[in-house]
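Asker: Contents of run-v5.txt (compact mmCIF, C-alpha atoms) are below:
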```
# COMPACT_ATOMS: atom_id res chain seq x y z
CA MET A 1 -14.27 8.62 31.93
CA ARG A 2 -17.50 7.74 30.09
CA VAL A 3 -15.65 7.88 26.79
CA TRP A 4 -13.86 4.69 27.81
CA SER A 5 -17.12 2.82 28.49
CA GLY A 6 -17.89 3.18 24.81
CA LEU A 7 -14.31 2.37 23.87
CA ALA A 8 -14.23 -0.75 26.03
CA ILE A 9 -17.47 -2.06 24.55
CA MET A 10 -16.36 -1.35 20.98
CA LEU A 11 -13.04 -3.14 21.41
CA THR A 12 -14.69 -6.10 23.09
CA LEU A 13 -17.22 -6.54 20.31
CA ALA A 14 -14.48 -6.28 17.71
CA GLY A 15 -12.55 -9.11 19.32
CA CYS A 16 -9.27 -7.20 19.50
CA VAL A 17 -8.76 -8.26 23.09
CA GLN A 18 -10.24 -10.75 25.47
CA PRO A 19 -13.63 -9.44 26.67
CA ALA A 20 -12.60 -9.89 30.30
CA SER A 21 -9.79 -7.41 29.76
CA LEU A 22 -12.13 -4.55 28.90
CA PRO A 23 -15.08 -4.25 31.28
CA PRO A 24 -17.34 -1.20 30.86
CA LEU A 25 -15.76 1.60 32.86
CA PRO A 26 -17.89 3.67 35.26
CA PRO A 27 -18.06 7.45 34.96
CA ALA A 28 -16.37 9.61 37.53
CA GLN A 29 -18.57 10.34 40.53
CA GLY A 30 -21.14 12.96 39.68
CA GLN A 31 -20.06 13.18 36.06
CA ALA A 32 -22.97 11.27 34.54
CA ALA A 33 -25.55 13.60 36.07
CA ALA A 34 -23.67 16.65 34.85
CA LEU A 35 -23.67 15.52 31.21
CA THR A 36 -26.48 16.58 28.94
CA PRO A 37 -27.83 14.07 26.42
CA ALA A 38 -25.90 15.88 23.69
CA ALA A 39 -22.70 15.74 25.72
CA ARG A 40 -23.19 12.04 26.43
CA ALA A 41 -23.67 11.41 22.72
CA ALA A 42 -20.49 13.35 21.93
CA VAL A 43 -18.50 11.37 24.51
CA ALA A 44 -19.82 8.07 23.15
CA ALA A 45 -18.93 9.13 19.61
CA GLU A 46 -15.39 9.96 20.70
CA GLY A 47 -15.07 6.56 22.34
CA GLU A 48 -16.19 4.88 19.13
CA ARG A 49 -13.76 7.00 17.08
CA LYS A 50 -10.80 6.00 19.24
CA ALA A 51 -11.87 2.36 19.14
CA VAL A 52 -11.97 2.45 15.34
CA MET A 53 -8.53 4.11 15.26
CA PHE A 54 -7.07 1.38 17.45
CA MET A 55 -8.66 -1.45 15.49
CA THR A 56 -7.56 0.03 12.16
CA ALA A 57 -3.97 0.24 13.37
CA VAL A 58 -4.05 -3.33 14.71
CA ARG A 59 -5.49 -4.75 11.50
CA LYS A 60 -2.80 -3.17 9.34
CA MET A 61 0.20 -3.34 11.67
CA GLN A 62 -0.08 -6.91 12.94
CA PRO A 63 0.65 -8.75 9.67
CA VAL A 64 3.52 -6.44 8.74
CA ALA A 65 5.15 -6.75 12.15
CA THR A 66 4.74 -10.53 12.01
CA GLU A 67 6.34 -10.76 8.57
CA LEU A 68 9.33 -8.56 9.48
CA CYS A 69 9.75 -10.52 12.71
CA ARG A 70 10.02 -13.74 10.73
CA GLN A 71 12.41 -12.19 8.24
CA LYS A 72 14.76 -10.93 10.96
CA ALA A 73 14.68 -14.40 12.59
CA ILE A 74 15.89 -13.05 15.95
CA ALA A 75 12.77 -13.61 18.05
CA HIS A 76 11.49 -17.16 18.36
CA ASN A 77 7.81 -16.24 18.49
CA CYS A 78 6.22 -13.72 16.13
CA SER A 79 2.56 -14.21 17.07
CA PHE A 80 1.89 -10.63 18.16
CA GLN A 81 -1.03 -9.80 20.41
CA ILE A 82 -1.91 -6.10 20.48
CA VAL A 83 -4.15 -5.11 23.38
CA ILE A 84 -5.41 -2.25 25.50
CA ASP A 85 -4.31 -2.21 29.13
CA PRO A 86 -7.66 -1.38 30.82
CA ARG A 87 -6.28 -0.31 34.20
CA LEU A 88 -7.40 3.17 35.18
CA GLY A 89 -4.88 5.65 36.51
CA LEU A 90 -1.97 4.50 34.36
CA PRO A 91 -0.12 7.27 32.49
CA ALA A 92 0.01 7.50 28.71
CA ASN A 93 2.35 4.64 27.93
CA ALA A 94 2.93 1.56 25.79
CA TYR A 95 5.04 -1.48 26.51
CA GLN A 96 6.10 -4.84 25.13
CA THR A 97 6.16 -8.02 27.16
CA LEU A 98 5.62 -11.78 26.84
CA ASP A 99 2.66 -13.83 27.99
CA ARG A 100 2.86 -17.22 29.71
CA LEU A 101 3.31 -18.95 26.36
CA ASN A 102 6.15 -16.55 25.40
CA ARG A 103 3.99 -14.84 22.80
CA PRO A 104 4.81 -11.15 22.30
CA VAL A 105 2.27 -8.72 23.71
CA ILE A 106 2.07 -5.05 22.79
CA ALA A 107 -0.07 -3.05 25.21
CA LEU A 108 -1.28 0.55 25.05
CA THR A 109 -2.80 2.22 28.08
CA LEU A 110 -6.16 3.94 27.95
CA ALA A 111 -4.47 7.28 28.63
CA LEU A 112 -2.20 6.87 25.60
CA LEU A 113 -5.16 6.05 23.37
CA ALA A 114 -6.98 9.09 24.74
CA ASP A 115 -3.99 11.29 23.92
CA ALA A 116 -3.37 9.91 20.42
CA ARG A 117 -4.56 12.27 17.72
CA ASP A 118 -4.70 9.91 14.75
CA THR A 119 -3.99 6.37 13.59
CA ASP A 120 -0.50 7.38 12.44
CA GLU A 121 0.50 8.07 16.05
CA ILE A 122 -1.07 4.85 17.30
CA ALA A 123 0.62 2.85 14.52
CA PHE A 124 4.01 4.41 15.22
CA VAL A 125 3.77 3.51 18.92
CA MET A 126 2.73 -0.05 18.04
CA GLY A 127 5.61 -0.32 15.58
CA HIS A 128 8.10 0.90 18.17
CA GLU A 129 7.00 -1.70 20.70
CA ALA A 130 6.89 -4.48 18.10
CA ALA A 131 10.44 -3.56 17.08
CA HIS A 132 11.70 -4.14 20.62
CA HIS A 133 10.52 -7.73 20.34
CA ILE A 134 11.66 -8.25 16.76
CA LEU A 135 15.17 -7.07 17.65
CA GLY A 136 15.33 -9.22 20.78
CA HIS A 137 15.83 -6.30 23.15
CA LEU A 138 14.21 -7.92 26.19
CA ALA A 139 16.43 -10.98 25.93
CA LEU A 140 19.55 -8.87 25.38
CA GLN A 141 18.80 -6.71 28.39
CA ASP A 142 18.14 -9.76 30.52
CA GLN A 143 21.42 -11.43 29.48
CA THR A 144 23.39 -8.24 30.05
CA ALA A 145 21.81 -7.62 33.46
CA ARG A 146 22.43 -11.20 34.62
CA ALA A 147 26.08 -11.12 33.56
CA ALA A 148 26.65 -7.73 35.20
CA ALA A 149 24.90 -8.82 38.41
CA LYS A 150 27.03 -11.96 38.59
CA ALA A 151 30.27 -10.03 38.07
CA ALA A 152 29.34 -7.34 40.60
CA GLY A 153 28.33 -9.93 43.17
CA GLU A 154 31.55 -11.91 42.77
CA GLU A 155 33.63 -8.76 43.11
CA ALA A 156 31.78 -7.71 46.27
CA ALA A 157 32.12 -11.18 47.77
CA ALA A 158 35.86 -11.20 47.05
CA LEU A 159 36.16 -7.97 49.02
CA GLY A 160 34.48 -9.55 52.04
CA ALA A 161 30.99 -8.09 51.62
CA THR A 162 28.08 -9.51 53.60
CA SER A 163 25.32 -11.42 51.80
CA ALA A 164 23.09 -8.33 51.93
CA GLN A 165 25.86 -6.20 50.45
CA VAL A 166 26.46 -8.77 47.72
CA ARG A 167 22.76 -8.68 46.77
CA ARG A 168 22.83 -4.89 46.71
CA ALA A 169 25.93 -4.95 44.49
CA GLN A 170 24.21 -7.38 42.16
CA GLU A 171 21.15 -5.15 41.88
CA GLN A 172 23.24 -2.06 41.24
CA GLY A 173 25.37 -3.88 38.68
CA ALA A 174 22.31 -5.10 36.80
CA ALA A 175 20.69 -1.67 36.78
CA GLN A 176 23.86 0.09 35.65
CA SER A 177 24.50 -2.39 32.85
CA THR A 178 21.24 -1.65 31.08
CA LEU A 179 21.72 2.12 30.93
CA GLY A 180 24.31 1.88 28.20
CA TYR A 181 21.94 -0.13 26.03
CA SER A 182 18.67 1.68 26.67
CA LYS A 183 19.17 4.71 24.44
CA ASN A 184 20.48 2.62 21.56
CA PHE A 185 17.58 0.21 21.94
CA GLU A 186 15.08 3.06 21.85
CA LEU A 187 16.60 4.49 18.67
CA GLN A 188 16.71 1.07 17.04
CA ALA A 189 13.05 0.55 17.91
CA ASP A 190 12.16 3.98 16.53
CA ALA A 191 13.88 3.18 13.23
CA LEU A 192 12.37 -0.26 12.74
CA GLY A 193 9.02 0.87 14.15
CA ALA A 194 8.90 3.64 11.55
CA GLU A 195 9.58 1.08 8.83
CA ILE A 196 6.83 -1.21 10.08
CA ALA A 197 4.32 1.65 10.17
CA TYR A 198 5.37 2.83 6.70
CA ARG A 199 5.03 -0.62 5.18
CA ALA A 200 1.61 -0.94 6.82
CA GLY A 201 0.43 2.20 5.02
CA PHE A 202 0.85 4.81 7.76
CA ASN A 203 2.87 8.02 7.87
CA PRO A 204 5.61 7.72 10.52
CA LEU A 205 6.45 11.42 10.19
CA LYS A 206 2.95 12.25 11.39
CA GLY A 207 3.20 9.48 13.95
CA ALA A 208 6.42 10.91 15.36
CA ALA A 209 4.53 14.10 16.20
CA PHE A 210 3.75 12.16 19.36
CA PHE A 211 7.22 13.14 20.57
CA ASP A 212 6.21 16.82 20.55
CA ARG A 213 3.90 16.15 23.49
CA LEU A 214 6.32 14.03 25.50
CA PRO A 215 8.34 15.64 28.30
CA GLU A 216 12.01 15.91 27.46
CA PRO A 217 13.87 13.00 29.12
CA HIS A 218 16.43 13.67 31.82
CA ARG A 219 19.93 14.19 30.52
CA GLY A 220 23.07 12.56 31.78
CA LYS A 221 24.45 9.07 32.27
CA LYS A 222 21.33 7.82 34.02
CA SER A 223 19.00 8.77 31.19
CA THR A 224 17.35 5.78 29.53
CA HIS A 225 15.82 7.60 26.55
CA PRO A 226 17.35 9.84 23.87
CA GLY A 227 16.08 13.37 23.35
CA ASN A 228 12.79 13.84 21.53
CA ARG A 229 14.39 15.92 18.75
CA THR A 230 16.97 13.20 18.19
CA ARG A 231 14.22 10.63 17.84
CA LYS A 232 12.20 12.73 15.41
CA ALA A 233 15.30 13.38 13.32
CA LEU A 234 16.00 9.67 13.13
CA VAL A 235 12.45 8.94 11.95
CA ALA A 236 12.83 11.60 9.25
CA LYS A 237 16.11 10.01 8.12
CA VAL A 238 14.56 6.53 7.99
CA MET A 239 11.61 7.84 6.02
CA ALA A 240 13.88 9.50 3.48
CA GLN A 241 15.69 6.19 3.00
CA LEU A 242 12.46 4.22 2.65
CA ARG A 243 11.04 6.65 0.11
CA ARG A 244 14.25 6.35 -1.93
CA GLY A 245 13.75 2.61 -1.85
CA GLY A 246 16.63 2.00 0.59
```
Go through the file and emit its structure as structure tokens.
Answerer:
Amino acid sequence: MRVWSGLAIMLTLAGCVQPASLPPLPPAQGQAAALTPAARAAVAAEGERKAVMFMTAVRKMQPVATELCRQKAIAHNCSFQIVIDPRLGLPANAYQTLDRLNRPVIALTLALLADARDTDEIAFVMGHEAAHHILGHLALQDQTARAAAKAAGEEAAALGATSAQVRRAQEQGAAQSTLGYSKNFELQADALGAEIAYRAGFNPLKGAAFFDRLPEPHRGKKSTHPGNRTRKALVAKVMAQLRRGG
């Protein structure tokens, strides 16, 4: 874990995130004593390398994502904040959300940054999450879920369901309604995310190598993500179009 002490300090000094979000992280119990000076230096160097990768991706991706967001004119706020989620124990993941002022936030976990092999992978992940906001996916999912919950609740009430049963029907209706959109949303975000990364000077084909290390998603109607091969093929198709000037 000492690698992330160096990473946290580097990111804080660079001003990429609020300093309070990245406190120095303690080493695992007994780990510090086991490390030789050379090993500690190597760990610190790796932390600095990952910090530089993250900051490089932010610096290049943020203006491109902002410009495309404004061009699409779907989202109302294009002031992207790209941060590291400093919580330990979270799996390798990235997500898009909104802060209290409705500004879009793209967050990468420490585990994802640790797993990333180059800036192309980091940029591709950032582009994917930015695309979800640019395309208005959160709002669409929320609208769809609310409408489905309302319809399911009204149907259950008409059949004489109890209040608890109506609430359960609403929850199930909302959850079911988003499944049909999830895969399409993921593919749309892959396509636009690849374009953002490409226009920012990265190689989305290298970035999509990230999929090779992801577990294959569950198949069937309840799956929320398309297959990894499908996603890589889509990125390759988008890249061919971009290189042709399409």
Asker: Would you mind telling me which residue in A:Gln176, A:Gln81, A:Asn184, A:Thr162 lies nearest to A:Asn102 when using all atoms listed in the file?
Answerer: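 Looking only at the distances to A:Asn102, the closest residue turns out to be A:Gln81.
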Asker: Which one of A:Thr66, A:Asn93, A:Pro215, A:Gln172 sits closest to A:Arg229 if you count only C-alpha atoms?
Answerer: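 Checking each of A:Thr66, A:Asn93, A:Pro215, A:Gln172 against A:Arg229, counting only C-alpha atoms, the winner is A:Pro215.
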Asker: Using all atoms listed in the file, find the one residue out of A:Leu187, A:Ala148, A:Ala208, A:Ile134 that sits nearest to A:Ala73.
Answerer: A:Ile134
Asker: Find the residue from A:Leu101, A:Val64, A:Ala116, A:Ala38 that sits nearest to A:Gly207; use only C-alpha atoms when measuring.
Answerer: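 Ranking A:Leu101, A:Val64, A:Ala116, A:Ala38 by distance to A:Gly207, first place goes to A:Ala116.
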Asker: Using all atoms listed in the file, pick whichever of A:Ala51, A:Ala194, A:Ala157, A:Ala65 has the shortest atom-to-atom distance to A:His133.
Answerer: A:Ala65
Asker: Pick from A:Ala139, A:Ala156, A:Val235, A:Leu98: nearest to A:Phe210, with all atoms listed in the file counted?
Answerer: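 The answer is A:Val235, which sits nearest to A:Phe210.
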Asker: Could you please determine the separation between atom CA of A:Glu186 and atom CA of A:Ala131 in Å, to one decimal place?
Answerer: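 Spanning atom CA of A:Glu186 to atom CA of A:Ala131 is a straight-line distance of 9.4 Å.
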Asker: Hey, what's within 8 Å of A:Leu90 if we count all atoms listed in the file and toss same-chain stuff fewer than 6 positions away? As a list in words, please?
Answerer: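 With the cut-off at 8 Å, the set is Thr109, Leu110 and Ala111 of chain A.
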Asker: Near A:Asp120, counting all atoms listed in the file, which residues have an atom at most 10 Å away, once you skip same-chain residues fewer than 5 positions from it, shown as a list of chain:residue names?
Answerer: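 So the residues in contact are A:Met53, A:Ala57, A:Val125, A:Met126, A:Ala197, A:Tyr198, A:Gly201, A:Phe202, A:Asn203, A:Pro204, A:Leu205, A:Lys206, A:Gly207, A:Ala208, A:Ala209, A:Phe210.
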Asker: Between atom CA of A:Gln241 and atom CA of A:Glu195, what is the distance, to one decimal in Å?
Answerer: 9.9 Å
Asker: Please compute the atom CA of A:Lys232-atom CA of A:Val83 distance, one decimal, in Å.
Answerer: 25.5 Å
